[in-house]
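Student: Data file my_file28.cif (mmCIF, C-alpha atoms) is appended below.
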```cif
data_my_file
loop_
_atom_site.label_atom_id
_atom_site.label_comp_id
_atom_site.auth_asym_id
_atom_site.auth_seq_id
_atom_site.Cartn_x
_atom_site.Cartn_y
_atom_site.Cartn_z
CA MET A 1 -6.82 -28.24 -7.23
CA THR A 2 -5.65 -27.78 -10.83
CA ASN A 3 -2.41 -25.99 -11.64
CA ARG A 4 -4.38 -23.05 -12.96
CA GLU A 5 -6.34 -22.77 -9.71
CA LYS A 6 -3.10 -23.07 -7.73
CA PHE A 7 -1.63 -20.25 -9.81
CA TRP A 8 -4.48 -17.82 -9.18
CA THR A 9 -4.88 -18.72 -5.47
CA TRP A 10 -1.17 -18.63 -4.70
CA SER A 11 -0.37 -16.74 -1.50
CA LEU A 12 2.89 -15.27 -0.24
CA SER A 13 4.95 -17.52 1.99
CA ARG A 14 7.31 -16.45 4.76
CA ALA A 15 10.21 -16.76 2.31
CA ASP A 16 8.43 -14.46 -0.14
CA TYR A 17 8.10 -11.80 2.54
CA VAL A 18 11.79 -12.13 3.37
CA VAL A 19 12.71 -11.68 -0.31
CA LEU A 20 10.38 -8.68 -0.55
CA ARG A 21 12.01 -7.07 2.46
CA ILE A 22 15.47 -7.65 1.04
CA LEU A 23 14.37 -5.98 -2.21
CA LEU A 24 12.91 -3.03 -0.27
CA VAL A 25 16.35 -2.44 1.20
CA LEU A 26 18.37 -3.18 -1.93
CA ILE A 27 16.43 -1.11 -4.48
CA PRO A 28 16.89 2.32 -2.83
CA LEU A 29 20.45 1.38 -1.98
CA ALA A 30 21.21 0.33 -5.57
CA TYR A 31 19.69 3.53 -6.92
CA ALA A 32 21.70 5.64 -4.52
CA VAL A 33 24.91 3.84 -5.41
CA ARG A 34 24.25 4.06 -9.14
CA GLY A 35 22.67 7.50 -9.33
CA LEU A 36 24.24 9.55 -6.55
CA VAL A 37 27.60 8.14 -5.57
CA PRO A 38 29.38 8.56 -8.95
CA ALA A 39 28.24 12.18 -9.20
CA VAL A 40 29.36 12.94 -5.64
CA VAL A 41 32.72 11.26 -6.23
CA ASP A 42 33.18 13.31 -9.41
CA TRP A 43 32.41 16.48 -7.48
CA VAL A 44 34.77 15.69 -4.63
CA THR A 45 37.61 14.70 -6.96
CA GLY A 46 37.05 17.63 -9.33
CA ALA A 47 36.23 15.37 -12.26
CA PRO A 48 34.02 16.72 -15.06
CA LEU A 49 30.28 16.83 -14.45
CA HIS A 50 28.43 14.22 -16.48
CA TRP A 51 24.81 14.97 -17.34
CA THR A 52 22.28 13.27 -19.62
CA SER A 53 19.54 15.36 -21.20
CA ARG A 54 16.81 14.80 -23.72
CA THR A 55 16.97 16.18 -27.19
CA GLU A 56 14.72 16.30 -30.21
CA ALA A 57 17.70 16.37 -32.55
CA GLU A 58 19.06 13.28 -34.32
CA ALA A 59 22.57 12.37 -35.32
CA ALA A 60 23.87 9.68 -37.64
CA ALA A 61 24.92 6.50 -35.83
CA PRO A 62 27.90 4.35 -36.86
CA VAL A 63 25.76 1.30 -37.59
CA ALA A 64 25.98 -0.45 -40.93
CA THR A 65 22.72 -0.50 -42.86
CA SER A 66 21.59 -1.96 -46.13
CA GLY A 67 19.16 -0.72 -48.75
CA ALA A 68 17.27 2.47 -47.91
CA ALA A 69 17.31 1.96 -44.13
CA ARG A 70 18.68 4.79 -42.02
CA VAL A 71 19.85 4.66 -38.40
CA ALA A 72 20.42 7.59 -36.07
CA PHE A 73 20.98 8.45 -32.42
CA ALA A 74 17.86 10.04 -30.95
CA GLY A 75 16.39 11.04 -27.61
CA GLU A 76 19.34 11.58 -25.27
CA VAL A 77 22.73 13.23 -25.27
CA ARG A 78 25.49 13.01 -22.68
CA TRP A 79 27.23 16.18 -21.57
CA THR A 80 30.71 16.32 -20.09
CA ILE A 81 31.29 19.69 -18.40
CA PRO A 82 34.83 20.10 -17.00
CA ASP A 83 34.37 23.44 -15.27
CA ALA A 84 31.00 22.95 -13.59
CA GLY A 85 30.21 25.32 -10.72
CA THR A 86 28.74 24.43 -7.34
CA VAL A 87 25.20 25.38 -8.38
CA GLN A 88 25.43 23.16 -11.45
CA ARG A 89 26.76 20.26 -9.35
CA VAL A 90 24.02 20.63 -6.73
CA LEU A 91 21.23 20.93 -9.29
CA ALA A 92 22.61 17.94 -11.19
CA LEU A 93 22.42 15.85 -8.00
CA LEU A 94 18.94 17.01 -7.03
CA PRO A 95 16.73 14.75 -9.19
CA SER A 96 18.61 11.61 -8.11
CA ALA A 97 18.62 12.73 -4.47
CA GLU A 98 14.87 13.34 -4.60
CA THR A 99 14.33 9.92 -6.15
CA VAL A 100 16.39 8.23 -3.43
CA VAL A 101 14.35 10.00 -0.73
CA LEU A 102 11.10 8.98 -2.41
CA LEU A 103 12.34 5.39 -2.80
CA VAL A 104 13.32 5.19 0.89
CA LEU A 105 9.99 6.65 2.02
CA GLY A 106 8.16 4.30 -0.32
CA ALA A 107 10.13 1.30 0.94
CA VAL A 108 9.37 2.16 4.59
CA CYS A 109 5.70 2.63 3.75
CA LEU A 110 5.53 -0.62 1.82
CA TRP A 111 7.40 -2.49 4.59
CA ARG A 112 4.84 -1.35 7.17
CA LEU A 113 1.95 -2.06 4.84
CA VAL A 114 3.17 -5.60 4.19
CA THR A 115 3.71 -6.14 7.93
CA GLY A 116 0.12 -5.12 8.64
CA ILE A 117 -1.27 -7.35 5.92
CA ARG A 118 0.87 -10.31 6.97
CA ALA A 119 -0.41 -9.96 10.53
CA GLY A 120 -3.83 -10.85 9.15
CA GLU A 121 -5.30 -7.36 9.48
CA PRO A 122 -5.38 -5.90 5.96
CA PHE A 123 -8.48 -3.77 6.37
CA GLN A 124 -7.24 -1.13 8.76
CA ALA A 125 -7.13 2.64 8.50
CA ALA A 126 -3.32 2.49 8.66
CA VAL A 127 -3.19 0.36 5.50
CA VAL A 128 -5.46 2.80 3.65
CA ARG A 129 -3.25 5.67 4.76
CA ARG A 130 -0.08 3.89 3.58
CA LEU A 131 -1.58 3.11 0.17
CA ARG A 132 -2.46 6.78 -0.25
CA VAL A 133 1.04 7.80 0.79
CA LEU A 134 2.49 5.37 -1.76
CA ALA A 135 0.24 6.87 -4.44
CA LEU A 136 1.41 10.37 -3.55
CA LEU A 137 5.05 9.27 -3.61
CA VAL A 138 4.62 7.78 -7.08
CA LEU A 139 2.89 10.94 -8.33
CA ALA A 140 5.57 13.07 -6.66
CA GLN A 141 8.21 11.10 -8.55
CA VAL A 142 6.46 11.87 -11.82
CA ILE A 143 5.68 15.53 -11.16
CA VAL A 144 8.26 16.88 -8.71
CA VAL A 145 11.30 14.95 -9.86
CA ARG A 146 10.48 15.63 -13.51
CA ALA A 147 10.12 19.36 -12.79
CA THR A 148 13.41 19.36 -10.87
CA ALA A 149 15.12 17.54 -13.72
CA LEU A 150 13.89 20.17 -16.20
CA VAL A 151 15.25 23.00 -14.07
CA ALA A 152 18.50 21.12 -13.51
CA ASP A 153 18.83 20.37 -17.21
CA PHE A 154 18.53 24.06 -18.09
CA ALA A 155 20.86 25.20 -15.32
CA VAL A 156 23.52 22.57 -16.02
CA THR A 157 23.61 22.88 -19.80
CA ALA A 158 22.81 26.58 -20.34
CA PRO A 159 26.39 27.85 -19.67
CA ALA A 160 27.69 25.31 -22.18
CA ARG A 161 25.28 26.21 -25.00
CA PRO A 162 25.17 29.21 -27.27
CA ASP A 163 21.35 28.82 -27.31
CA PRO A 164 20.24 27.75 -23.81
CA GLN A 165 17.19 25.51 -23.99
CA THR A 166 15.68 22.38 -22.54
CA THR A 167 13.30 19.77 -23.90
CA VAL A 168 9.95 19.42 -22.19
CA GLY A 169 7.85 16.37 -22.73
CA LEU A 170 6.13 13.42 -21.10
CA GLY A 171 7.73 10.07 -21.74
CA ALA A 172 6.17 6.63 -21.53
CA GLY A 173 7.66 6.24 -18.05
CA ASP A 174 5.89 9.38 -16.84
CA LEU A 175 2.54 8.19 -18.13
CA LEU A 176 3.12 4.80 -16.53
CA GLY A 177 3.91 6.54 -13.26
CA PHE A 178 0.63 8.46 -13.43
CA ALA A 179 -1.21 5.22 -14.09
CA VAL A 180 0.45 3.48 -11.15
CA GLY A 181 -0.31 6.42 -8.87
CA LEU A 182 -3.97 6.40 -9.87
CA LEU A 183 -4.10 2.63 -9.47
CA LEU A 184 -2.77 2.93 -5.91
CA LEU A 185 -5.38 5.58 -5.11
CA ALA A 186 -8.11 3.29 -6.41
CA LEU A 187 -6.70 0.41 -4.35
CA ALA A 188 -6.70 2.65 -1.26
CA GLU A 189 -10.37 3.38 -1.86
CA CYS A 190 -11.10 -0.38 -2.10
CA PHE A 191 -9.35 -0.95 1.21
CA ARG A 192 -11.23 1.98 2.74
CA GLN A 193 -14.48 0.25 1.86
CA GLY A 194 -13.00 -2.91 3.36
CA VAL A 195 -12.33 -1.05 6.63
CA ARG A 196 -15.97 0.00 6.69
CA LEU A 197 -17.19 -3.54 6.01
CA ARG A 198 -14.86 -4.90 8.69
CA ALA A 199 -16.34 -2.44 11.19
CA ASP A 200 -19.81 -3.64 10.19
CA VAL A 201 -19.02 -7.25 11.07
CA GLU A 202 -17.10 -6.49 14.22
CA GLY A 203 -18.93 -8.16 17.07
CA LEU A 204 -20.66 -10.61 14.73
CA VAL A 205 -21.01 -14.02 16.35
CA MET B 206 -34.78 3.41 14.87
CA PRO B 207 -31.74 4.58 12.87
CA VAL B 208 -29.10 1.87 12.60
CA GLU B 209 -26.43 4.10 14.12
CA GLU B 210 -28.13 4.29 17.57
CA PRO B 211 -27.01 1.82 20.28
CA HIS B 212 -29.14 -1.28 20.61
CA ARG B 213 -31.02 -2.47 23.72
CA VAL B 214 -30.76 -6.19 23.10
CA VAL B 215 -29.70 -8.17 26.14
CA CYS B 216 -28.32 -11.70 25.91
CA ARG B 217 -29.40 -14.07 28.67
CA LEU B 218 -27.05 -16.87 27.71
CA ASP B 219 -25.50 -16.99 31.19
CA GLU B 220 -28.94 -17.50 32.80
CA VAL B 221 -29.86 -20.25 30.36
CA LEU B 222 -26.49 -21.96 30.89
CA ALA B 223 -26.89 -21.79 34.68
CA ALA B 224 -30.42 -23.16 34.48
CA ARG B 225 -29.21 -26.15 32.46
CA GLY B 226 -25.98 -26.63 34.37
CA LEU B 227 -23.86 -26.27 31.24
CA THR B 228 -20.50 -24.57 30.80
CA LEU B 229 -19.64 -22.12 28.07
CA THR B 230 -16.83 -24.37 26.88
CA ALA B 231 -19.11 -27.39 26.47
CA VAL B 232 -21.74 -25.39 24.60
CA ALA B 233 -19.14 -23.77 22.34
CA GLU B 234 -17.90 -27.21 21.38
CA GLN B 235 -21.37 -28.51 20.61
CA VAL B 236 -22.50 -25.41 18.75
CA GLY B 237 -19.30 -25.22 16.68
CA VAL B 238 -18.55 -21.63 17.61
CA SER B 239 -15.28 -20.53 19.19
CA LEU B 240 -15.23 -19.99 22.94
CA VAL B 241 -14.08 -16.41 22.30
CA ASN B 242 -17.15 -15.64 20.19
CA LEU B 243 -19.52 -17.25 22.67
CA SER B 244 -17.87 -15.27 25.44
CA VAL B 245 -18.42 -12.10 23.38
CA LEU B 246 -22.12 -13.03 23.19
CA LYS B 247 -22.40 -13.83 26.91
CA ASN B 248 -20.70 -10.61 27.97
CA GLN B 249 -23.02 -8.37 25.93
CA ARG B 250 -20.26 -7.37 23.48
CA ALA B 251 -21.82 -8.95 20.39
CA LYS B 252 -23.37 -6.69 17.78
CA ALA B 253 -24.93 -9.33 15.54
CA ILE B 254 -25.50 -13.08 15.43
CA ARG B 255 -25.74 -15.37 12.42
CA PHE B 256 -29.01 -17.26 12.07
CA SER B 257 -27.01 -20.48 11.76
CA THR B 258 -25.33 -19.80 15.10
CA LEU B 259 -28.66 -18.91 16.72
CA THR B 260 -30.25 -22.10 15.38
CA ALA B 261 -27.37 -24.22 16.68
CA LEU B 262 -27.53 -22.52 20.09
CA CYS B 263 -31.25 -23.11 20.42
CA ASP B 264 -30.86 -26.75 19.38
CA VAL B 265 -28.09 -27.37 21.93
CA LEU B 266 -29.82 -25.48 24.76
CA GLY B 267 -33.31 -26.68 23.89
CA CYS B 268 -34.77 -23.19 23.90
CA GLN B 269 -36.18 -20.49 21.65
CA PRO B 270 -34.49 -17.24 20.56
CA GLY B 271 -36.78 -15.32 22.90
CA ASP B 272 -35.31 -17.24 25.82
CA LEU B 273 -31.85 -16.08 24.90
CA PHE B 274 -32.49 -12.46 23.87
CA ALA B 275 -34.69 -9.66 25.12
CA VAL B 276 -35.00 -5.99 24.28
CA GLU B 277 -34.83 -3.75 27.31
CA THR B 278 -37.22 -0.84 27.46
CA ALA B 279 -35.78 2.56 26.64
CA GLY B 280 -34.64 4.48 29.67
CA SER B 281 -33.54 1.39 31.60
CA ASP B 282 -29.84 0.35 31.68
CA ALA B 283 -28.98 -0.61 28.10
CA GLY B 284 -27.36 -4.02 27.59
CA ASP B 285 -24.53 -2.78 25.35
CA ALA B 286 -23.79 0.29 23.39
CA ALA B 287 -22.98 -0.34 19.71
#
```
Let me see the structure of the file written as structure tokens.
Tutor:
Amino acid sequence: MTNREKFWTWSLSRADYVVLRILLVLIPLAYAVRGLVPAVVDWVTGAPLHWTSRTEAEAAAPVATSGAARVAFAGEVRWTIPDAGTVQRVLALLPSAETVVLLVLGAVCLWRLVTGIRAGEPFQAAVVRRLRVLALLVLAQVIVVRATALVADFAVTAPARPDPQTTVGLGAGDLLGFAVGLLLLALAECFRQGVRLRADVEGLV
Amino acid sequence: MPVEEPHRVVCRLDEVLAARGLTLTAVAEQVGVSLVNLSVLKNQRAKAIRFSTLTALCDVLGCQPGDLFAVETAGSDAGDAA
């Protein structure tokens, strides 16, 4: 077998599954530690609320340029709100909390899906169901968490602005999330056909 | 007959084996089919058989497909429900 053939016919080993399972535990944990814990600690200790929001405005950046080139900050601004109320704190935590929940649910789903496939039974109704759940979780991340973030952004920053507003828009990450969600739904449909074909050959000698 | 209805095919492998004094294990080894699959066939749980398997069975047992399979008449006890 050539190296190219080996590359395309490579299959997961036991070690690969162990690494995958470790990642399924670490990724939600890392996100929770990075996204939730600092905000909760700030709340408990009374530290200012830190919030990042999108903006269409630009501001000059302290970067040396030459010729006619111009450089500016664009896209995001970081708020520091010292007297944030409980509602602001809760709403600021909500998008990260939702993401952690979705990541945990997705990790559990993926863990069970991988277990089923590794047992040599990929074409089962349970696998189809888990792929669809994963697709819905990805789409929920794009739609629900984005909507929550918009509401949170307005609620957190409105008291600190003379002209309360928020920026609505789909980023590249959102579009990628839609694409991944649709891809998972298509994959679920492939596996559903596989379940049907498996049933057709059941009892074949 | 619509494909979804149960079939009335009966496998007489056990009778043929008994007549020739052969065991399922020995035949499975000669045919090149697993003992589990041959047992599925013998116990009326099979739903389909590959032509290659049927050919090998007939060669080993020295018989024809009609000696191994029969279709029961409708209304009598069906061999196996699909």
Student: For chain B, which residues have at least one atom within 6 Å of chain A, if we go by all atoms listed in the file? Write them as a list in words, please.
Tutor: Asn242, Ala251, Lys252, Ala253 and Ile254 of chain B
Student: Starting from the displayed file, determine the output of the PyMOL selection byres ((chain B and resi 258-270) around 12) and express the residue list as an MDAnalysis selection string.
Tutor: (chainID A and resid 204:205) or (chainID B and resid 214:229 231:239 242:243 246 253:257 271:276)
Student: Name the residues captured by the PyMOL selection byres ((chain A and resi 168) around 12) when it is applied to the shown file; answer as a PDB file with C-alpha atoms, in the coordinates of the input.
Tutor:
```
ATOM      1  CA  SER A  53      19.540  15.360 -21.200  1.00  0.00           C
ATOM      2  CA  ARG A  54      16.810  14.800 -23.720  1.00  0.00           C
ATOM      3  CA  THR A  55      16.970  16.180 -27.190  1.00  0.00           C
ATOM      4  CA  GLU A  56      14.720  16.300 -30.210  1.00  0.00           C
ATOM      5  CA  GLY A  75      16.390  11.040 -27.610  1.00  0.00           C
ATOM      6  CA  ARG A 146      10.480  15.630 -13.510  1.00  0.00           C
ATOM      7  CA  ALA A 147      10.120  19.360 -12.790  1.00  0.00           C
ATOM      8  CA  THR A 148      13.410  19.360 -10.870  1.00  0.00           C
ATOM      9  CA  ALA A 149      15.120  17.540 -13.720  1.00  0.00           C
ATOM     10  CA  LEU A 150      13.890  20.170 -16.200  1.00  0.00           C
ATOM     11  CA  VAL A 151      15.250  23.000 -14.070  1.00  0.00           C
ATOM     12  CA  ASP A 153      18.830  20.370 -17.210  1.00  0.00           C
ATOM     13  CA  PHE A 154      18.530  24.060 -18.090  1.00  0.00           C
ATOM     14  CA  GLN A 165      17.190  25.510 -23.990  1.00  0.00           C
ATOM     15  CA  THR A 166      15.680  22.380 -22.540  1.00  0.00           C
ATOM     16  CA  THR A 167      13.300  19.770 -23.900  1.00  0.00           C
ATOM     17  CA  GLY A 169       7.850  16.370 -22.730  1.00  0.00           C
ATOM     18  CA  LEU A 170       6.130  13.420 -21.100  1.00  0.00           C
ATOM     19  CA  GLY A 171       7.730  10.070 -21.740  1.00  0.00           C
TER      20      GLY A 171
END
```
Student: How far is it from atom CA of A:Thr45 to atom CA of A:Ala84, in Å with one decimal?
Tutor: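 Separation of atom CA of A:Thr45 and atom CA of A:Ala84: 12.5 Å.
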Student: If you measure from atom CA of A:Val18 to atom CA of A:Arg130, what distance in Å do you get, rounded to one decimal?
Tutor: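 Atom CA of A:Arg130 lies 19.9 Å from atom CA of A:Val18.
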Student: Nearest residue to A:Val77 out of A:Ala57, A:Val195, A:Ala188, A:Leu26, using only C-alpha atoms?
Tutor: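 Residue with the minimum atom-to-atom distance to A:Val77: A:Ala57.
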